[in-house]
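File shown here: upload-v6.csv, holding CSV, C-alpha atoms.
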chain,number,residue,atom,x,y,z
A,1,MET,CA,21.0,-5.9,-79.4
A,2,ASN,CA,18.7,-3.9,-77.2
A,3,GLN,CA,17.7,-0.5,-78.4
A,4,ARG,CA,16.3,2.3,-76.2
A,5,THR,CA,13.8,4.8,-77.5
A,6,ALA,CA,15.0,8.3,-77.0
A,7,LEU,CA,12.6,10.8,-75.5
A,8,PRO,CA,11.9,13.9,-77.4
A,9,SER,CA,14.0,16.7,-76.1
A,10,SER,CA,10.9,18.9,-75.5
A,11,GLN,CA,9.6,16.3,-72.9
A,12,SER,CA,12.7,15.8,-70.8
A,13,PRO,CA,12.6,18.9,-68.7
A,14,ARG,CA,8.9,18.3,-67.8
A,15,ILE,CA,9.4,14.7,-66.8
A,16,LEU,CA,12.5,15.6,-64.7
A,17,GLY,CA,10.5,18.3,-63.0
A,18,ARG,CA,7.7,15.9,-62.1
A,19,VAL,CA,10.3,13.4,-60.7
A,20,LEU,CA,11.9,16.1,-58.5
A,21,THR,CA,8.6,17.3,-57.3
A,22,THR,CA,7.5,13.7,-56.3
A,23,VAL,CA,10.8,13.0,-54.5
A,24,ALA,CA,10.5,16.3,-52.6
A,25,ALA,CA,7.0,15.5,-51.5
A,26,MET,CA,8.0,12.0,-50.3
A,27,ALA,CA,10.9,13.4,-48.4
A,28,ALA,CA,8.6,15.9,-46.6
A,29,LEU,CA,6.2,13.1,-45.8
A,30,VAL,CA,8.9,10.9,-44.3
A,31,ALA,CA,10.3,13.8,-42.3
A,32,SER,CA,6.9,14.7,-40.9
A,33,ALA,CA,6.1,11.1,-39.8
A,34,ALA,CA,9.5,10.8,-38.1
A,35,ALA,CA,9.3,14.1,-36.3
A,36,PRO,CA,9.2,13.8,-32.5
A,37,ALA,CA,5.9,14.3,-30.9
A,38,THR,CA,6.4,17.6,-29.3
A,39,GLY,CA,2.7,18.5,-28.9
A,40,VAL,CA,3.1,21.3,-31.5
A,41,ALA,CA,1.8,20.6,-35.0
A,42,PRO,CA,3.9,21.5,-38.0
A,43,PRO,CA,3.0,24.9,-39.3
A,44,ASP,CA,1.9,23.6,-42.7
A,45,ARG,CA,-0.3,20.9,-41.1
A,46,PRO,CA,-2.1,22.4,-38.1
A,47,ASP,CA,-4.6,19.6,-37.9
A,48,ARG,CA,-2.1,16.7,-38.0
A,49,LEU,CA,-2.0,16.0,-34.3
A,50,ALA,CA,-5.7,16.1,-34.0
A,51,VAL,CA,-6.1,13.6,-36.9
A,52,VAL,CA,-3.5,11.2,-35.4
A,53,ALA,CA,-5.2,11.4,-32.0
A,54,ALA,CA,-8.6,10.7,-33.5
A,55,ALA,CA,-7.2,7.7,-35.4
A,56,ALA,CA,-5.5,6.2,-32.3
A,57,PRO,CA,-7.7,6.7,-29.2
A,58,ALA,CA,-6.2,5.9,-25.8
A,59,ALA,CA,-6.7,2.3,-24.6
A,60,ALA,CA,-9.6,1.8,-22.2
A,61,VAL,CA,-8.6,1.6,-18.5
A,62,CYS,CA,-9.6,-1.6,-16.8
A,63,PRO,CA,-10.6,-1.8,-14.0
A,64,THR,CA,-12.2,1.6,-14.1
A,65,GLY,CA,-12.1,2.6,-10.4
A,66,LYS,CA,-12.0,1.6,-6.8
A,67,THR,CA,-14.8,0.8,-4.4
A,68,SER,CA,-15.7,3.1,-1.5
A,69,LEU,CA,-14.1,0.8,1.0
A,70,PRO,CA,-10.7,-0.3,-0.3
A,71,ALA,CA,-8.8,-3.1,1.5
A,72,PRO,CA,-5.8,-2.2,3.6
A,73,ALA,CA,-2.5,-2.0,1.7
A,74,ASN,CA,-0.9,-4.8,3.7
A,75,LEU,CA,-3.4,-7.3,2.2
A,76,LEU,CA,-2.8,-6.3,-1.4
A,77,GLY,CA,-0.5,-7.6,-4.1
A,78,ARG,CA,-0.8,-11.3,-3.1
A,79,THR,CA,-3.1,-14.2,-2.6
A,80,ILE,CA,-3.8,-14.8,1.1
A,81,ARG,CA,-4.2,-18.5,1.9
A,82,THR,CA,-3.2,-18.4,5.6
A,83,MET,CA,-3.8,-15.6,8.1
A,84,PRO,CA,-0.4,-13.8,8.8
A,85,THR,CA,-0.1,-14.8,12.4
A,86,GLU,CA,1.9,-17.1,14.7
A,87,ARG,CA,-1.1,-17.4,17.0
A,88,LYS,CA,-2.9,-20.8,17.2
A,89,VAL,CA,-6.0,-19.6,15.5
A,90,VAL,CA,-8.2,-21.0,12.7
A,91,ALA,CA,-10.7,-19.0,10.5
A,92,LEU,CA,-13.9,-20.7,9.4
A,93,THR,CA,-15.2,-19.7,5.9
A,94,PHE,CA,-18.2,-20.8,3.9
A,95,ASN,CA,-18.9,-20.3,0.2
A,96,SER,CA,-22.5,-19.8,-0.8
A,97,ALA,CA,-23.1,-20.2,-4.5
A,98,TRP,CA,-25.8,-22.8,-4.7
A,99,ASP,CA,-28.7,-23.4,-2.3
A,100,GLU,CA,-28.9,-22.6,1.4
A,101,THR,CA,-29.9,-26.0,2.6
A,102,GLY,CA,-27.3,-26.3,5.4
A,103,LEU,CA,-27.4,-22.7,6.5
A,104,ASP,CA,-29.8,-23.0,9.5
A,105,THR,CA,-27.6,-25.8,11.0
A,106,VAL,CA,-24.4,-23.8,10.3
A,107,LEU,CA,-25.8,-20.7,12.0
A,108,LYS,CA,-27.0,-22.7,15.0
A,109,VAL,CA,-23.7,-24.4,15.5
A,110,LEU,CA,-21.8,-21.1,15.3
A,111,HIS,CA,-24.1,-19.5,17.8
A,112,ASP,CA,-24.0,-22.4,20.2
A,113,SER,CA,-20.2,-22.6,19.9
A,114,LYS,CA,-19.8,-18.8,20.3
A,115,ALA,CA,-17.9,-18.8,17.0
A,116,THR,CA,-18.1,-16.6,13.9
A,117,ALA,CA,-17.4,-17.3,10.2
A,118,THR,CA,-17.0,-15.4,7.0
A,119,PHE,CA,-19.5,-16.2,4.3
A,120,PHE,CA,-18.3,-15.7,0.7
A,121,LEU,CA,-21.5,-15.2,-1.4
A,122,THR,CA,-22.0,-15.0,-5.1
A,123,GLY,CA,-24.1,-12.1,-6.3
A,124,GLN,CA,-26.6,-14.6,-7.8
A,125,PHE,CA,-26.9,-16.3,-4.4
A,126,ALA,CA,-27.6,-13.0,-2.7
A,127,GLU,CA,-30.3,-12.2,-5.3
A,128,LEU,CA,-32.0,-15.6,-5.0
A,129,HIS,CA,-31.7,-15.9,-1.3
A,130,PRO,CA,-31.6,-12.4,0.2
A,131,ALA,CA,-33.2,-13.6,3.5
A,132,ALA,CA,-30.4,-16.1,3.9
A,133,ALA,CA,-27.7,-13.4,3.2
A,134,ARG,CA,-29.3,-11.2,5.8
A,135,SER,CA,-29.5,-14.0,8.4
A,136,MET,CA,-25.8,-14.6,8.0
A,137,ALA,CA,-25.0,-11.0,8.6
A,138,ALA,CA,-27.6,-10.6,11.4
A,139,ALA,CA,-25.9,-13.4,13.3
A,140,GLY,CA,-22.7,-11.4,13.4
A,141,ASN,CA,-20.8,-13.1,10.7
A,142,GLY,CA,-18.7,-11.4,7.9
A,143,ILE,CA,-20.1,-11.2,4.4
A,144,ALA,CA,-17.7,-11.1,1.4
A,145,SER,CA,-17.7,-11.6,-2.4
A,146,HIS,CA,-17.3,-14.8,-4.4
A,147,SER,CA,-18.0,-13.2,-7.8
A,148,TYR,CA,-21.4,-12.7,-9.4
A,149,SER,CA,-22.0,-15.9,-11.3
A,150,HIS,CA,-19.1,-18.1,-10.4
A,151,PRO,CA,-17.4,-18.4,-13.8
A,152,HIS,CA,-13.8,-19.4,-14.6
A,153,PHE,CA,-12.2,-16.0,-14.5
A,154,GLY,CA,-9.5,-17.1,-16.9
A,155,ASP,CA,-12.2,-17.4,-19.6
A,156,LEU,CA,-13.1,-13.7,-19.3
A,157,ASP,CA,-11.4,-10.6,-20.4
A,158,CYS,CA,-10.6,-7.8,-17.9
A,159,ALA,CA,-13.9,-6.0,-18.6
A,160,GLY,CA,-15.8,-9.3,-18.0
A,161,ARG,CA,-14.0,-9.9,-14.7
A,162,GLU,CA,-14.7,-6.3,-13.6
A,163,ARG,CA,-18.4,-6.8,-14.3
A,164,GLU,CA,-18.4,-10.0,-12.1
A,165,VAL,CA,-16.8,-8.2,-9.2
A,166,ARG,CA,-18.9,-5.0,-9.4
A,167,LEU,CA,-22.2,-6.8,-10.0
A,168,ALA,CA,-21.5,-9.1,-7.0
A,169,ASP,CA,-20.6,-6.1,-4.8
A,170,GLN,CA,-23.9,-4.4,-5.7
A,171,ALA,CA,-26.0,-7.6,-5.1
A,172,LEU,CA,-24.4,-8.1,-1.7
A,173,ARG,CA,-25.0,-4.5,-0.7
A,174,THR,CA,-28.7,-4.8,-1.7
A,175,ALA,CA,-29.2,-8.0,0.1
A,176,ILE,CA,-27.6,-7.2,3.4
A,177,GLY,CA,-28.2,-3.4,3.4
A,178,THR,CA,-24.6,-2.4,3.9
A,179,ALA,CA,-21.2,-2.8,2.4
A,180,PRO,CA,-19.6,-6.3,2.5
A,181,LEU,CA,-16.1,-6.9,3.6
A,182,PRO,CA,-13.3,-5.8,1.2
A,183,PHE,CA,-12.5,-9.4,0.6
A,184,PHE,CA,-12.8,-11.4,-2.7
A,185,ARG,CA,-12.5,-15.1,-3.2
A,186,PHE,CA,-12.0,-16.3,-6.8
A,187,PRO,CA,-14.4,-19.0,-8.2
A,188,TYR,CA,-12.6,-22.4,-8.0
A,189,GLY,CA,-9.7,-20.7,-6.3
A,190,GLU,CA,-8.2,-19.9,-9.7
A,191,THR,CA,-6.0,-16.9,-9.4
A,192,ASN,CA,-3.0,-15.3,-11.1
A,193,ALA,CA,-1.1,-12.1,-10.5
A,194,GLN,CA,-2.9,-10.1,-13.1
A,195,GLN,CA,-6.4,-11.0,-11.8
A,196,VAL,CA,-5.3,-10.4,-8.2
A,197,ALA,CA,-4.0,-6.9,-9.3
A,198,GLU,CA,-7.4,-6.3,-10.9
A,199,VAL,CA,-9.5,-7.0,-7.8
A,200,ASN,CA,-7.0,-5.1,-5.7
A,201,ALA,CA,-7.5,-2.1,-8.0
A,202,MET,CA,-11.2,-2.3,-7.2
A,203,GLY,CA,-10.6,-2.3,-3.5
A,204,PHE,CA,-10.6,-6.0,-2.6
A,205,ALA,CA,-8.0,-8.2,-1.0
A,206,ASN,CA,-7.8,-11.8,-2.4
A,207,ILE,CA,-8.6,-14.2,0.4
A,208,GLU,CA,-8.5,-17.9,-0.5
A,209,TRP,CA,-8.1,-20.9,1.8
A,210,THR,CA,-5.5,-23.2,3.3
A,211,ASP,CA,-7.6,-26.3,2.9
A,212,ASP,CA,-11.1,-27.3,1.7
A,213,THR,CA,-13.0,-30.0,3.5
A,214,ASN,CA,-14.4,-31.1,0.2
A,215,GLY,CA,-17.7,-31.7,2.0
A,216,TYR,CA,-19.5,-30.2,-1.0
A,217,LEU,CA,-18.8,-33.4,-2.9
A,218,GLY,CA,-21.4,-35.1,-0.7
A,219,THR,CA,-21.8,-38.8,-0.1
A,220,ALA,CA,-22.3,-39.3,-3.8
A,221,GLY,CA,-18.8,-37.9,-4.3
A,222,GLY,CA,-17.3,-40.4,-1.8
A,223,MET,CA,-17.1,-37.9,1.1
A,224,THR,CA,-18.3,-38.5,4.7
A,225,VAL,CA,-18.6,-36.2,7.7
A,226,GLN,CA,-15.4,-37.7,9.2
A,227,LYS,CA,-13.4,-37.3,6.0
A,228,ALA,CA,-14.5,-33.6,6.0
A,229,VAL,CA,-13.2,-33.2,9.6
A,230,ASP,CA,-10.0,-35.0,8.7
A,231,ARG,CA,-9.3,-32.7,5.8
A,232,ALA,CA,-9.9,-29.6,8.0
A,233,LEU,CA,-7.4,-30.9,10.6
A,234,LYS,CA,-4.6,-32.2,8.3
A,235,SER,CA,-3.5,-28.7,7.5
A,236,LEU,CA,-3.9,-27.4,11.0
A,237,THR,CA,-1.4,-24.5,11.4
A,238,PRO,CA,-1.5,-21.0,13.0
A,239,GLY,CA,-3.7,-18.9,10.8
A,240,GLU,CA,-5.3,-21.8,8.8
A,241,ILE,CA,-8.3,-20.7,6.7
A,242,ILE,CA,-10.8,-23.6,6.3
A,243,GLN,CA,-13.2,-23.5,3.3
A,244,MET,CA,-16.6,-25.1,3.5
A,245,HIS,CA,-20.0,-24.7,1.8
A,246,VAL,CA,-23.5,-24.1,3.0
A,247,GLY,CA,-25.2,-25.9,0.1
A,248,ASP,CA,-24.9,-28.7,-2.4
A,249,PRO,CA,-24.3,-28.0,-6.1
A,250,ASN,CA,-26.5,-31.0,-7.1
A,251,GLY,CA,-29.2,-30.6,-4.4
A,252,ARG,CA,-28.6,-34.1,-3.1
A,253,GLY,CA,-28.2,-35.7,0.3
A,254,PRO,CA,-27.1,-34.1,3.6
A,255,ILE,CA,-24.9,-31.0,3.8
A,256,LEU,CA,-21.7,-32.7,5.1
A,257,ASP,CA,-20.0,-29.4,6.1
A,258,ALA,CA,-22.9,-28.4,8.3
A,259,LEU,CA,-22.7,-31.8,10.0
A,260,ALA,CA,-18.9,-31.7,10.3
A,261,LEU,CA,-18.8,-28.1,11.6
A,262,PRO,CA,-19.3,-28.9,15.4
A,263,LEU,CA,-16.8,-31.7,15.2
A,264,ILE,CA,-14.3,-29.4,13.5
A,265,ILE,CA,-14.7,-26.6,16.1
A,266,ASP,CA,-14.3,-29.1,19.0
A,267,ALA,CA,-11.3,-30.7,17.4
A,268,VAL,CA,-9.3,-27.5,16.7
A,269,ARG,CA,-10.1,-26.2,20.2
A,270,ALA,CA,-9.0,-29.5,21.7
A,271,ARG,CA,-5.6,-29.0,20.0
A,272,GLY,CA,-5.2,-25.6,21.6
A,273,TYR,CA,-6.5,-23.5,18.8
A,274,GLU,CA,-9.1,-20.7,18.9
A,275,ILE,CA,-11.6,-19.8,16.2
A,276,ALA,CA,-10.6,-16.4,14.7
A,277,ASP,CA,-12.6,-13.9,12.7
A,278,LEU,CA,-11.1,-12.9,9.3
A,279,ARG,CA,-12.2,-9.4,10.1
A,280,THR,CA,-9.2,-9.2,12.4
A,281,LEU,CA,-7.2,-8.8,9.2
A,282,LEU,CA,-8.7,-5.3,8.9
A,283,PRO,CA,-7.4,-2.3,10.9
A,284,THR,CA,-9.2,-1.6,14.1
A,285,PRO,CA,-11.2,1.7,13.7
A,286,ALA,CA,-9.7,4.5,15.7
A,287,ALA,CA,-11.6,5.4,18.9
A,288,PRO,CA,-13.6,8.6,18.6
A,289,THR,CA,-12.0,11.6,20.2
A,290,THR,CA,-13.9,13.9,22.6
Target encoding structure tokens, full file:
Amino acid sequence: MNQRTALPSSQSPRILGRVLTTVAAMAALVASAAAPATGVAPPDRPDRLAVVAAAAPAAAVCPTGKTSLPAPANLLGRTIRTMPTERKVVALTFNSAWDETGLDTVLKVLHDSKATATFFLTGQFAELHPAAARSMAAAGNGIASHSYSHPHFGDLDCAGREREVRLADQALRTAIGTAPLPFFRFPYGETNAQQVAEVNAMGFANIEWTDDTNGYLGTAGGMTVQKAVDRALKSLTPGEIIQMHVGDPNGRGPILDALALPLIIDAVRARGYEIADLRTLLPTPAAPTT
């Protein structure tokens, strides 16, 4: 049989009072936490909102702002792999992330063929080869961004991706002495909706490619000049964007894209296509008024 020890009658009122006080305090605390955030602090806790705000700072905004030359709205919100046109035109593009071994040949072919291309440079390329970057621009070609160090963007957080975009933009501006095009090409062509939205927020349209010649693989990678030409032609369609490279990631052998370029230009023209400039995607500046 269980027995309970009776409390002395002199202690019961004091204990009961403590219990009631504790319950009341807890109820007040719960009510305070559940109160809607009206922006007005409870009269008995004038510092409450300030304390909560200090304990839970607003999340950092990423990206933090736009460039001075944002891309036109019609190019945002998507990955562009083909120029939006029904005309029989082809755009030539070159990535520049390694050496500039084939650049002189590429520029001569473009000049002799009266054609232009868009060069997507990494920031590191622009820093290591500023004269090459300037020669691309001086020849009348477009200059655009291919990130700073050519990482896999999926391995970076938003802040890391923003650094890649902004460092590249600054390096290109320093090298060529003016703002590059508001175009951005992701390293390895790896894109997703979130990352496209991020570069859009910084003022860049995402321009990828319809097909890659794979000339950068070189003869060691099983490629030949003719295979590079064939790859450029197999996706021939109005608005095709062809991706090539001016260098070799391994510094070996001939630059197949430089050798294939005149054959590609001749072949697309023979099929009734013209060489277009990606800058036609941008709005034409309004004529000055007098």
For this session: Go through A:Thr224, A:Val109, A:Asp212, A:Ile265 one by one, measure the shortest atom-to-atom distance of each to A:Ile241 using all atoms listed in the file, and give the residue with the smallest value.
Result: A:Asp212
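Within 8 Å of A:Leu103, once all atoms listed in the file are used and residues closer than 3 positions along the same chain are dropped, the contacting residues are Glu100, Val106, Leu107, Ala132, Val246, Gly247 and Ala258 of chain A.
Excluding A:Val268 itself and same-chain residues fewer than 2 positions from it, the residues having an atom within 9 Å of it are Val89, Val90, Ala232, Leu233, Leu236, Leu263, Ile264, Ile265, Asp266, Ala270, Arg271, Gly272, Tyr273, Glu274 and Ile275 of chain A, counting all atoms listed in the file.
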Would you export the selected residues with C-alpha atoms as a PDB file, in the coordinates of the input, please?
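Result file follows (part_6.pdb):
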ATOM      1  CA  VAL A  89      -6.000 -19.600  15.500  1.00  0.00           C
ATOM      2  CA  VAL A  90      -8.200 -21.000  12.700  1.00  0.00           C
ATOM      3  CA  ALA A 232      -9.900 -29.600   8.000  1.00  0.00           C
ATOM      4  CA  LEU A 233      -7.400 -30.900  10.600  1.00  0.00           C
ATOM      5  CA  LEU A 236      -3.900 -27.400  11.000  1.00  0.00           C
ATOM      6  CA  LEU A 263     -16.800 -31.700  15.200  1.00  0.00           C
ATOM      7  CA  ILE A 264     -14.300 -29.400  13.500  1.00  0.00           C
ATOM      8  CA  ILE A 265     -14.700 -26.600  16.100  1.00  0.00           C
ATOM      9  CA  ASP A 266     -14.300 -29.100  19.000  1.00  0.00           C
ATOM     10  CA  ALA A 270      -9.000 -29.500  21.700  1.00  0.00           C
ATOM     11  CA  ARG A 271      -5.600 -29.000  20.000  1.00  0.00           C
ATOM     12  CA  GLY A 272      -5.200 -25.600  21.600  1.00  0.00           C
ATOM     13  CA  TYR A 273      -6.500 -23.500  18.800  1.00  0.00           C
ATOM     14  CA  GLU A 274      -9.100 -20.700  18.900  1.00  0.00           C
ATOM     15  CA  ILE A 275     -11.600 -19.800  16.200  1.00  0.00           C
TER      16      ILE A 275
END
Please produce, as a Markdown table, a per-residue contact table for stretch 95-165 of chain A versus stretch 196-206 of chain A (criterion: any atom at most 9 Å away, only C-alpha atoms considered), showing the nearest atom pair and its distance in Å to one decimal, sorted by chain then residue number.
| residue | atom | partner | partner_atom | distance |
| --- | --- | --- | --- | --- |
| A:Cys158 | CA | A:Glu198 | CA | 7.8 |
| A:Arg161 | CA | A:Glu198 | CA | 8.4 |
| A:Glu162 | CA | A:Glu198 | CA | 7.8 |
| A:Val165 | CA | A:Val199 | CA | 7.5 |
Atoms to include: C-alpha atoms. Write the selected residues as a PDB file, keeping the file's coordinate frame.
ATOM      1  CA  CYS A 158     -10.600  -7.800 -17.900  1.00  0.00           C
ATOM      2  CA  ARG A 161     -14.000  -9.900 -14.700  1.00  0.00           C
ATOM      3  CA  GLU A 162     -14.700  -6.300 -13.600  1.00  0.00           C
ATOM      4  CA  VAL A 165     -16.800  -8.200  -9.200  1.00  0.00           C
TER       5      VAL A 165
END
Exercise. Atom CA of A:Thr85 and atom CA of A:Gly239, how far apart in Å?
Worked result: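 Atom CA of A:Gly239 sits 5.7 Å away from atom CA of A:Thr85.
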Exercise. At what distance in Å, to one decimal, does atom CA of A:Leu282 lie from atom CA of A:Lys108?
Worked result: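 Straight-line distance from atom CA of A:Lys108 to atom CA of A:Leu282 works out to 26.0 Å.
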For this session: Go through A:Pro262, A:Gly142, A:Gly221, A:Gly102 and flag the residue nearest A:Arg279, using all atoms listed in the file for the distances.
Result: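 Result for the nearest residue to A:Arg279: A:Gly142.
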Problem set entry | Selected residue of minimal separation from A:Thr64 among A:Leu76, A:Leu92, A:Leu128, A:Ala159, counting all atoms listed in the file | A:Ala159
